[in-house]
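Below: run-v4.pdb (PDB, C-alpha atoms)
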ATOM      1  CA  MET A   1       0.000   0.000   0.000  1.00  0.00           C
ATOM      2  CA  ALA A   2       2.905   2.338   0.758  1.00  0.00           C
ATOM      3  CA  LEU A   3       4.230   1.644  -2.727  1.00  0.00           C
ATOM      4  CA  GLY A   4       0.933   2.894  -4.131  1.00  0.00           C
ATOM      5  CA  PHE A   5       1.222   6.253  -2.379  1.00  0.00           C
ATOM      6  CA  LEU A   6       4.972   6.832  -2.270  1.00  0.00           C
ATOM      7  CA  GLY A   7       6.580   4.687  -4.942  1.00  0.00           C
ATOM      8  CA  LEU A   8       4.064   4.662  -7.786  1.00  0.00           C
ATOM      9  CA  PRO A   9       4.880   8.164  -9.116  1.00  0.00           C
ATOM     10  CA  ALA A  10       8.590   7.281  -9.070  1.00  0.00           C
ATOM     11  CA  LEU A  11       8.030   4.019 -10.932  1.00  0.00           C
ATOM     12  CA  VAL A  12       5.830   5.564 -13.590  1.00  0.00           C
ATOM     13  CA  LYS A  13       8.072   8.677 -13.879  1.00  0.00           C
ATOM     14  CA  SER A  14       5.172  11.060 -13.866  1.00  0.00           C
ATOM     15  CA  PRO A  15       5.730  14.813 -13.821  1.00  0.00           C
ATOM     16  CA  THR A  16       4.663  14.853 -10.120  1.00  0.00           C
ATOM     17  CA  ALA A  17       7.326  12.349  -9.070  1.00  0.00           C
ATOM     18  CA  ARG A  18       9.800  13.720  -6.561  1.00  0.00           C
ATOM     19  CA  THR A  19      13.501  13.451  -7.199  1.00  0.00           C
ATOM     20  CA  GLU A  20      14.680  14.130  -3.664  1.00  0.00           C
ATOM     21  CA  THR A  21      16.146  11.363  -1.510  1.00  0.00           C
ATOM     22  CA  VAL A  22      14.388  10.468   1.693  1.00  0.00           C
ATOM     23  CA  TYR A  23      16.449   9.103   4.604  1.00  0.00           C
ATOM     24  CA  VAL A  24      14.807   7.112   7.342  1.00  0.00           C
ATOM     25  CA  THR A  25      16.505   6.674  10.684  1.00  0.00           C
ATOM     26  CA  VAL A  26      15.566   3.524  12.569  1.00  0.00           C
ATOM     27  CA  THR A  27      16.247   3.537  16.280  1.00  0.00           C
ATOM     28  CA  PRO A  28      15.758   0.229  18.071  1.00  0.00           C
ATOM     29  CA  THR A  29      13.407   0.411  21.016  1.00  0.00           C
ATOM     30  CA  PRO A  30      14.638  -1.637  23.965  1.00  0.00           C
ATOM     31  CA  THR A  31      12.157  -4.249  25.010  1.00  0.00           C
ATOM     32  CA  PRO A  32      12.075  -5.555  28.575  1.00  0.00           C
ATOM     33  CA  THR A  33      13.186  -9.108  29.126  1.00  0.00           C
ATOM     34  CA  PRO A  34      10.154 -11.255  29.942  1.00  0.00           C
ATOM     35  CA  THR A  35      10.083 -12.486  33.509  1.00  0.00           C
ATOM     36  CA  VAL A  36       9.354 -16.028  34.515  1.00  0.00           C
ATOM     37  CA  ALA A  37       5.833 -16.461  35.859  1.00  0.00           C
ATOM     38  CA  ALA A  38       5.436 -17.426  39.484  1.00  0.00           C
ATOM     39  CA  THR A  39       3.780 -20.680  38.398  1.00  0.00           C
ATOM     40  CA  THR A  40       7.057 -22.146  37.108  1.00  0.00           C
ATOM     41  CA  PRO A  41       8.211 -24.749  39.620  1.00  0.00           C
ATOM     42  CA  SER A  42      11.583 -23.538  40.851  1.00  0.00           C
ATOM     43  CA  SER A  43      12.638 -26.863  42.320  1.00  0.00           C
ATOM     44  CA  SER A  44      12.778 -28.513  38.903  1.00  0.00           C
ATOM     45  CA  THR A  45      14.622 -25.734  37.137  1.00  0.00           C
ATOM     46  CA  SER A  46      18.359 -25.540  36.992  1.00  0.00           C
ATOM     47  CA  PRO A  47      20.316 -22.319  37.470  1.00  0.00           C
ATOM     48  CA  SER A  48      20.523 -20.195  34.366  1.00  0.00           C
ATOM     49  CA  THR A  49      23.806 -20.288  32.469  1.00  0.00           C
ATOM     50  CA  SER A  50      23.109 -17.138  30.480  1.00  0.00           C
ATOM     51  CA  GLY A  51      23.944 -14.822  33.369  1.00  0.00           C
ATOM     52  CA  ALA A  52      20.294 -13.833  33.846  1.00  0.00           C
ATOM     53  CA  PRO A  53      19.011 -13.875  37.414  1.00  0.00           C
ATOM     54  CA  SER A  54      17.197 -16.982  38.526  1.00  0.00           C
ATOM     55  CA  PRO A  55      13.390 -16.736  38.873  1.00  0.00           C
ATOM     56  CA  SER A  56      13.654 -16.593  42.670  1.00  0.00           C
ATOM     57  CA  ALA A  57      16.229 -13.781  42.491  1.00  0.00           C
ATOM     58  CA  ALA A  58      14.186 -11.790  39.971  1.00  0.00           C
ATOM     59  CA  SER A  59      11.124 -11.668  42.178  1.00  0.00           C
ATOM     60  CA  SER A  60      10.489 -11.557  45.892  1.00  0.00           C
ATOM     61  CA  SER A  61       7.460 -13.831  45.531  1.00  0.00           C
ATOM     62  CA  PRO A  62       7.756 -17.367  46.884  1.00  0.00           C
ATOM     63  CA  PRO A  63       8.278 -20.281  44.479  1.00  0.00           C
ATOM     64  CA  ALA A  64       5.355 -22.199  43.104  1.00  0.00           C
ATOM     65  CA  VAL A  65       3.671 -24.864  45.193  1.00  0.00           C
ATOM     66  CA  ASP A  66       4.865 -28.440  44.665  1.00  0.00           C
ATOM     67  CA  GLY A  67       2.055 -30.863  45.262  1.00  0.00           C
ATOM     68  CA  THR A  68      -0.931 -32.554  43.721  1.00  0.00           C
ATOM     69  CA  THR A  69      -2.762 -30.723  40.950  1.00  0.00           C
ATOM     70  CA  ILE A  70      -6.498 -31.306  40.847  1.00  0.00           C
ATOM     71  CA  THR A  71      -9.031 -30.110  38.308  1.00  0.00           C
ATOM     72  CA  LEU A  72     -12.532 -29.137  39.376  1.00  0.00           C
ATOM     73  CA  SER A  73     -15.495 -28.708  37.106  1.00  0.00           C
ATOM     74  CA  GLN A  74     -18.794 -27.246  38.209  1.00  0.00           C
ATOM     75  CA  ASP A  75     -20.504 -29.220  41.011  1.00  0.00           C
ATOM     76  CA  TYR A  76     -17.297 -30.980  42.108  1.00  0.00           C
ATOM     77  CA  GLY A  77     -15.153 -30.608  45.198  1.00  0.00           C
ATOM     78  CA  PHE A  78     -12.750 -32.457  47.468  1.00  0.00           C
ATOM     79  CA  ARG A  79     -11.969 -33.469  51.036  1.00  0.00           C
ATOM     80  CA  LEU A  80      -8.654 -32.459  52.565  1.00  0.00           C
ATOM     81  CA  ARG A  81      -7.588 -35.479  54.624  1.00  0.00           C
ATOM     82  CA  GLY A  82      -4.008 -36.032  53.506  1.00  0.00           C
ATOM     83  CA  PRO A  83      -1.444 -35.566  50.730  1.00  0.00           C
ATOM     84  CA  ALA A  84      -3.732 -36.701  47.887  1.00  0.00           C
ATOM     85  CA  PRO A  85      -7.131 -34.979  47.893  1.00  0.00           C
ATOM     86  CA  ALA A  86      -9.601 -36.854  45.711  1.00  0.00           C
ATOM     87  CA  VAL A  87     -11.985 -34.947  43.451  1.00  0.00           C
ATOM     88  CA  GLU A  88     -15.608 -35.961  43.924  1.00  0.00           C
ATOM     89  CA  ARG A  89     -19.033 -34.909  42.719  1.00  0.00           C
ATOM     90  CA  TYR A  90     -20.786 -32.751  45.315  1.00  0.00           C
ATOM     91  CA  VAL A  91     -21.807 -34.570  48.481  1.00  0.00           C
ATOM     92  CA  GLU A  92     -22.472 -33.033  51.861  1.00  0.00           C
ATOM     93  CA  THR A  93     -19.217 -34.334  53.380  1.00  0.00           C
ATOM     94  CA  LEU A  94     -16.825 -32.362  51.140  1.00  0.00           C
ATOM     95  CA  ASP A  95     -14.533 -29.669  52.552  1.00  0.00           C
ATOM     96  CA  PHE A  96     -14.343 -27.496  49.427  1.00  0.00           C
ATOM     97  CA  TYR A  97     -16.865 -27.226  46.630  1.00  0.00           C
ATOM     98  CA  ARG A  98     -16.896 -25.461  43.273  1.00  0.00           C
ATOM     99  CA  ASP A  99     -20.169 -24.139  41.898  1.00  0.00           C
ATOM    100  CA  TYR A 100     -20.414 -22.212  38.622  1.00  0.00           C
ATOM    101  CA  ASP A 101     -18.424 -19.121  39.545  1.00  0.00           C
ATOM    102  CA  GLU A 102     -16.972 -19.636  43.022  1.00  0.00           C
ATOM    103  CA  LEU A 103     -14.993 -22.049  45.188  1.00  0.00           C
ATOM    104  CA  TRP A 104     -16.514 -22.472  48.644  1.00  0.00           C
ATOM    105  CA  ALA A 105     -15.291 -23.703  52.023  1.00  0.00           C
ATOM    106  CA  ILE A 106     -18.025 -25.854  53.575  1.00  0.00           C
ATOM    107  CA  ASN A 107     -18.544 -28.112  56.609  1.00  0.00           C
ATOM    108  CA  GLY A 108     -16.370 -26.086  58.972  1.00  0.00           C
ATOM    109  CA  SER A 109     -13.537 -25.680  56.460  1.00  0.00           C
ATOM    110  CA  ARG A 110     -11.844 -22.332  55.880  1.00  0.00           C
ATOM    111  CA  ILE A 111      -9.891 -20.545  53.199  1.00  0.00           C
ATOM    112  CA  VAL A 112      -7.079 -18.307  54.468  1.00  0.00           C
ATOM    113  CA  ALA A 113      -5.923 -15.452  52.231  1.00  0.00           C
ATOM    114  CA  LEU A 114      -2.131 -15.036  52.036  1.00  0.00           C
ATOM    115  CA  LYS A 115      -0.165 -11.965  51.067  1.00  0.00           C
ATOM    116  CA  PRO A 116       2.337 -12.557  48.236  1.00  0.00           C
ATOM    117  CA  GLU A 117       5.325 -12.136  50.560  1.00  0.00           C
ATOM    118  CA  GLU A 118       4.062 -14.584  53.200  1.00  0.00           C
ATOM    119  CA  PRO A 119       5.676 -18.027  53.190  1.00  0.00           C
ATOM    120  CA  GLY A 120       3.324 -20.921  52.562  1.00  0.00           C
ATOM    121  CA  THR A 121       4.316 -22.896  55.622  1.00  0.00           C
ATOM    122  CA  LEU A 122       2.383 -24.854  58.204  1.00  0.00           C
ATOM    123  CA  ALA A 123       3.154 -22.163  60.794  1.00  0.00           C
ATOM    124  CA  THR A 124       1.853 -19.411  58.499  1.00  0.00           C
ATOM    125  CA  CYS A 125      -1.324 -21.295  57.649  1.00  0.00           C
ATOM    126  CA  LYS A 126      -1.928 -21.886  61.381  1.00  0.00           C
ATOM    127  CA  SER A 127      -1.348 -18.256  62.401  1.00  0.00           C
ATOM    128  CA  VAL A 128      -2.877 -16.133  59.615  1.00  0.00           C
ATOM    129  CA  THR A 129      -6.527 -15.288  60.266  1.00  0.00           C
ATOM    130  CA  ARG A 130      -7.633 -13.632  57.013  1.00  0.00           C
ATOM    131  CA  PHE A 131     -10.488 -16.094  56.536  1.00  0.00           C
ATOM    132  CA  ILE A 132     -12.685 -15.864  53.462  1.00  0.00           C
ATOM    133  CA  GLY A 133     -15.789 -17.896  52.732  1.00  0.00           C
ATOM    134  CA  GLY A 134     -15.189 -18.345  49.033  1.00  0.00           C
ATOM    135  CA  ILE A 135     -13.099 -17.402  46.032  1.00  0.00           C
ATOM    136  CA  ASP A 136     -14.689 -15.705  43.030  1.00  0.00           C
ATOM    137  CA  LEU A 137     -13.275 -17.475  39.955  1.00  0.00           C
ATOM    138  CA  GLU A 138     -13.337 -14.329  37.808  1.00  0.00           C
ATOM    139  CA  THR A 139     -10.915 -12.599  40.192  1.00  0.00           C
ATOM    140  CA  LEU A 140      -8.619 -15.611  40.713  1.00  0.00           C
ATOM    141  CA  GLU A 141      -5.237 -14.873  39.125  1.00  0.00           C
ATOM    142  CA  ALA A 142      -2.485 -17.283  38.120  1.00  0.00           C
ATOM    143  CA  GLY A 143      -0.041 -17.638  40.990  1.00  0.00           C
ATOM    144  CA  SER A 144      -2.610 -16.770  43.666  1.00  0.00           C
ATOM    145  CA  ARG A 145      -1.804 -18.652  46.866  1.00  0.00           C
ATOM    146  CA  PHE A 146      -3.899 -19.332  49.925  1.00  0.00           C
ATOM    147  CA  CYS A 147      -4.284 -21.887  52.697  1.00  0.00           C
ATOM    148  CA  PHE A 148      -7.076 -24.407  52.988  1.00  0.00           C
ATOM    149  CA  GLU A 149      -8.038 -25.721  56.404  1.00  0.00           C
ATOM    150  CA  SER A 150     -10.463 -28.600  56.573  1.00  0.00           C
ATOM    151  CA  GLY A 151     -13.069 -28.869  59.304  1.00  0.00           C
ATOM    152  CA  LYS A 152     -10.999 -31.809  60.637  1.00  0.00           C
ATOM    153  CA  GLY A 153      -7.842 -29.639  60.970  1.00  0.00           C
ATOM    154  CA  GLY A 154      -5.926 -30.600  57.821  1.00  0.00           C
ATOM    155  CA  LEU A 155      -3.902 -27.689  56.396  1.00  0.00           C
ATOM    156  CA  ALA A 156      -2.699 -27.231  52.837  1.00  0.00           C
ATOM    157  CA  LEU A 157      -1.061 -24.559  50.731  1.00  0.00           C
ATOM    158  CA  VAL A 158      -2.955 -24.031  47.481  1.00  0.00           C
ATOM    159  CA  GLU A 159      -1.934 -22.234  44.294  1.00  0.00           C
ATOM    160  CA  ALA A 160      -3.899 -21.474  41.146  1.00  0.00           C
ATOM    161  CA  PRO A 161      -1.605 -22.246  38.181  1.00  0.00           C
ATOM    162  CA  LYS A 162      -3.812 -20.269  35.791  1.00  0.00           C
ATOM    163  CA  ASN A 163      -6.417 -17.517  35.911  1.00  0.00           C
ATOM    164  CA  GLY A 164      -9.851 -18.572  37.074  1.00  0.00           C
ATOM    165  CA  ASP A 165     -12.671 -18.712  34.542  1.00  0.00           C
ATOM    166  CA  PRO A 166     -16.236 -19.797  35.375  1.00  0.00           C
ATOM    167  CA  ASP A 167     -16.567 -21.275  31.873  1.00  0.00           C
ATOM    168  CA  ASP A 168     -13.455 -23.451  32.254  1.00  0.00           C
ATOM    169  CA  PHE A 169     -12.090 -26.094  34.593  1.00  0.00           C
ATOM    170  CA  LEU A 170     -10.470 -24.870  37.814  1.00  0.00           C
ATOM    171  CA  ASP A 171      -6.940 -26.182  38.353  1.00  0.00           C
ATOM    172  CA  LEU A 172      -5.489 -26.063  41.856  1.00  0.00           C
ATOM    173  CA  THR A 173      -2.102 -27.297  43.043  1.00  0.00           C
ATOM    174  CA  ILE A 174      -2.433 -28.509  46.620  1.00  0.00           C
ATOM    175  CA  GLN A 175       0.473 -29.185  48.983  1.00  0.00           C
ATOM    176  CA  PHE A 176      -0.667 -30.893  52.174  1.00  0.00           C
ATOM    177  CA  LEU A 177       1.219 -29.314  55.098  1.00  0.00           C
ATOM    178  CA  GLY A 178      -0.085 -31.275  58.073  1.00  0.00           C
ATOM    179  CA  ASN A 179      -2.726 -30.954  60.759  1.00  0.00           C
ATOM    180  CA  ARG A 180      -3.546 -28.170  63.183  1.00  0.00           C
TER
END

Let me see the file written as structure tokens.
Amino acid sequence: MALGFLGLPALVKSPTARTETVYVTVTPTPTPTPTVAATTPSSSTSPSTSGAPSPSAASSSPPAVDGTTITLSQDYGFRLRGPAPAVERYVETLDFYRDYDELWAINGSRIVALKPEEPGTLATCKSVTRFIGGIDLETLEAGSRFCFESGKGGLALVEAPKNGDPDDFLDLTIQFLGNR
């Protein structure tokens, strides 16, 4: 298209064609180096040999949760009784339940909101008291971390590896920490 406006008169050699030379200066625009997302497991990555800082050095946020990844669709949930929570269709004995657009703590269970700088340890999950009843899937961001406490006292660190979406499956990586 640019040839049609700028180059066509010069190619046809019409009387309106310009004879002056046009110089264009191209200055490269520096682009920032992409950072590694917080969902990359740091325990399985080796140190970088390119001289770039490691993901943990580039950010003050804690590494991703190592644990069991579960996938919840609408009307499914799980019990937190040990290292391997099993996904089940909704029954009244579940600890956590996903409806269309929210994840709920039920039957005496609790969700504890963590700040990004807080370590996801058993001691932290026992001491932090920012309890929330549920998590809105539309506001759930990749890398969000929180503690789950079952009504029976089981504690786990949970991370969302991707953004929440009510129209999609909900993935959660759950690391069982122990009991209260």

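Look at range 94-108 of chain A: the protein and nucleic acid residues within 8 Å of it, using all atoms listed in the file and passing over chain neighbours fewer than 6 places away, are Leu72, Ser73, Gln74, Asp75, Tyr76, Gly77, Phe78, Arg79, Leu80, Gly133, Gly134, Ile135, Asp136, Leu137, Glu138, Ser150, Gly151, Asp165, Pro166 and Asp167 of chain A.
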
Determine, counting all atoms listed in the file, which protein, DNA and RNA residues have an atom within 8 Å of an atom of Leu122 in chain A; residues of the same chain fewer than 6 positions away are not included. Present the result as a PyMOL selection string.
chain A and resi 155-156+177-178

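When only C-alpha atoms are used to measure the gap to Ile132 in chain A, the shortest distance among A:Ile70, A:Arg89, A:Asn179, A:Glu149 belongs to A:Glu149.
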
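Residues in contact range of Ser144 in chain A, defined as at most 9 Å between all atoms listed in the file, with sequence neighbours fewer than 3 positions away removed, read Leu114, Pro116, Leu140, Glu141, Val158, Glu159, Ala160, Pro161, Lys162 and Asn163 of chain A.
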
Interatomic distance, CA of Val128 in chain A to CA of Gly154 in chain A (Å, one decimal):
14.9 Å

Expected axis-aligned box over every listed atom of range 113-121 of chain A, 8 Å added per side, centre plus edges in Å to one decimal, as AutoDock Vina command-line options:
--center_x -0.1 --center_y -17.4 --center_z 51.9 --size_x 27.6 --size_y 26.9 --size_z 23.4

Give the answer as one residue: which of A:Phe148, A:Glu92, A:Thr121, A:Arg81 has the shortest atom-to-atom distance to Leu172 in chain A, using all atoms listed in the file?
A:Phe148

So, with only C-alpha atoms as the atoms that count, which of A:Arg180, A:Thr124, A:Thr173, A:Arg130 lies closest to Pro85 in chain A?
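Among the listed residues, A:Thr173 lies closest to Pro85 in chain A.
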
Nearest residue to Thr93 in chain A from the set A:Lys152, A:Arg145, A:Lys115, A:Lys126 (distances using only C-alpha atoms):
A:Lys152

Length of the CA of Pro119 in chain A to CA of Asp168 in chain A vector [Å]
28.9 Å

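Nearest residue to Asp171 in chain A among A:Leu157, A:Ala84, A:Cys125, A:Ala142 is A:Ala142, counting all atoms listed in the file.
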
Give the answer as one residue: which of A:Phe146, A:Phe176, A:Ala86, A:Leu170 has the shortest atom-to-atom distance to Glu118 in chain A, using all atoms listed in the file?
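Ranking A:Phe146, A:Phe176, A:Ala86, A:Leu170 by distance to Glu118 in chain A, first place goes to A:Phe146.
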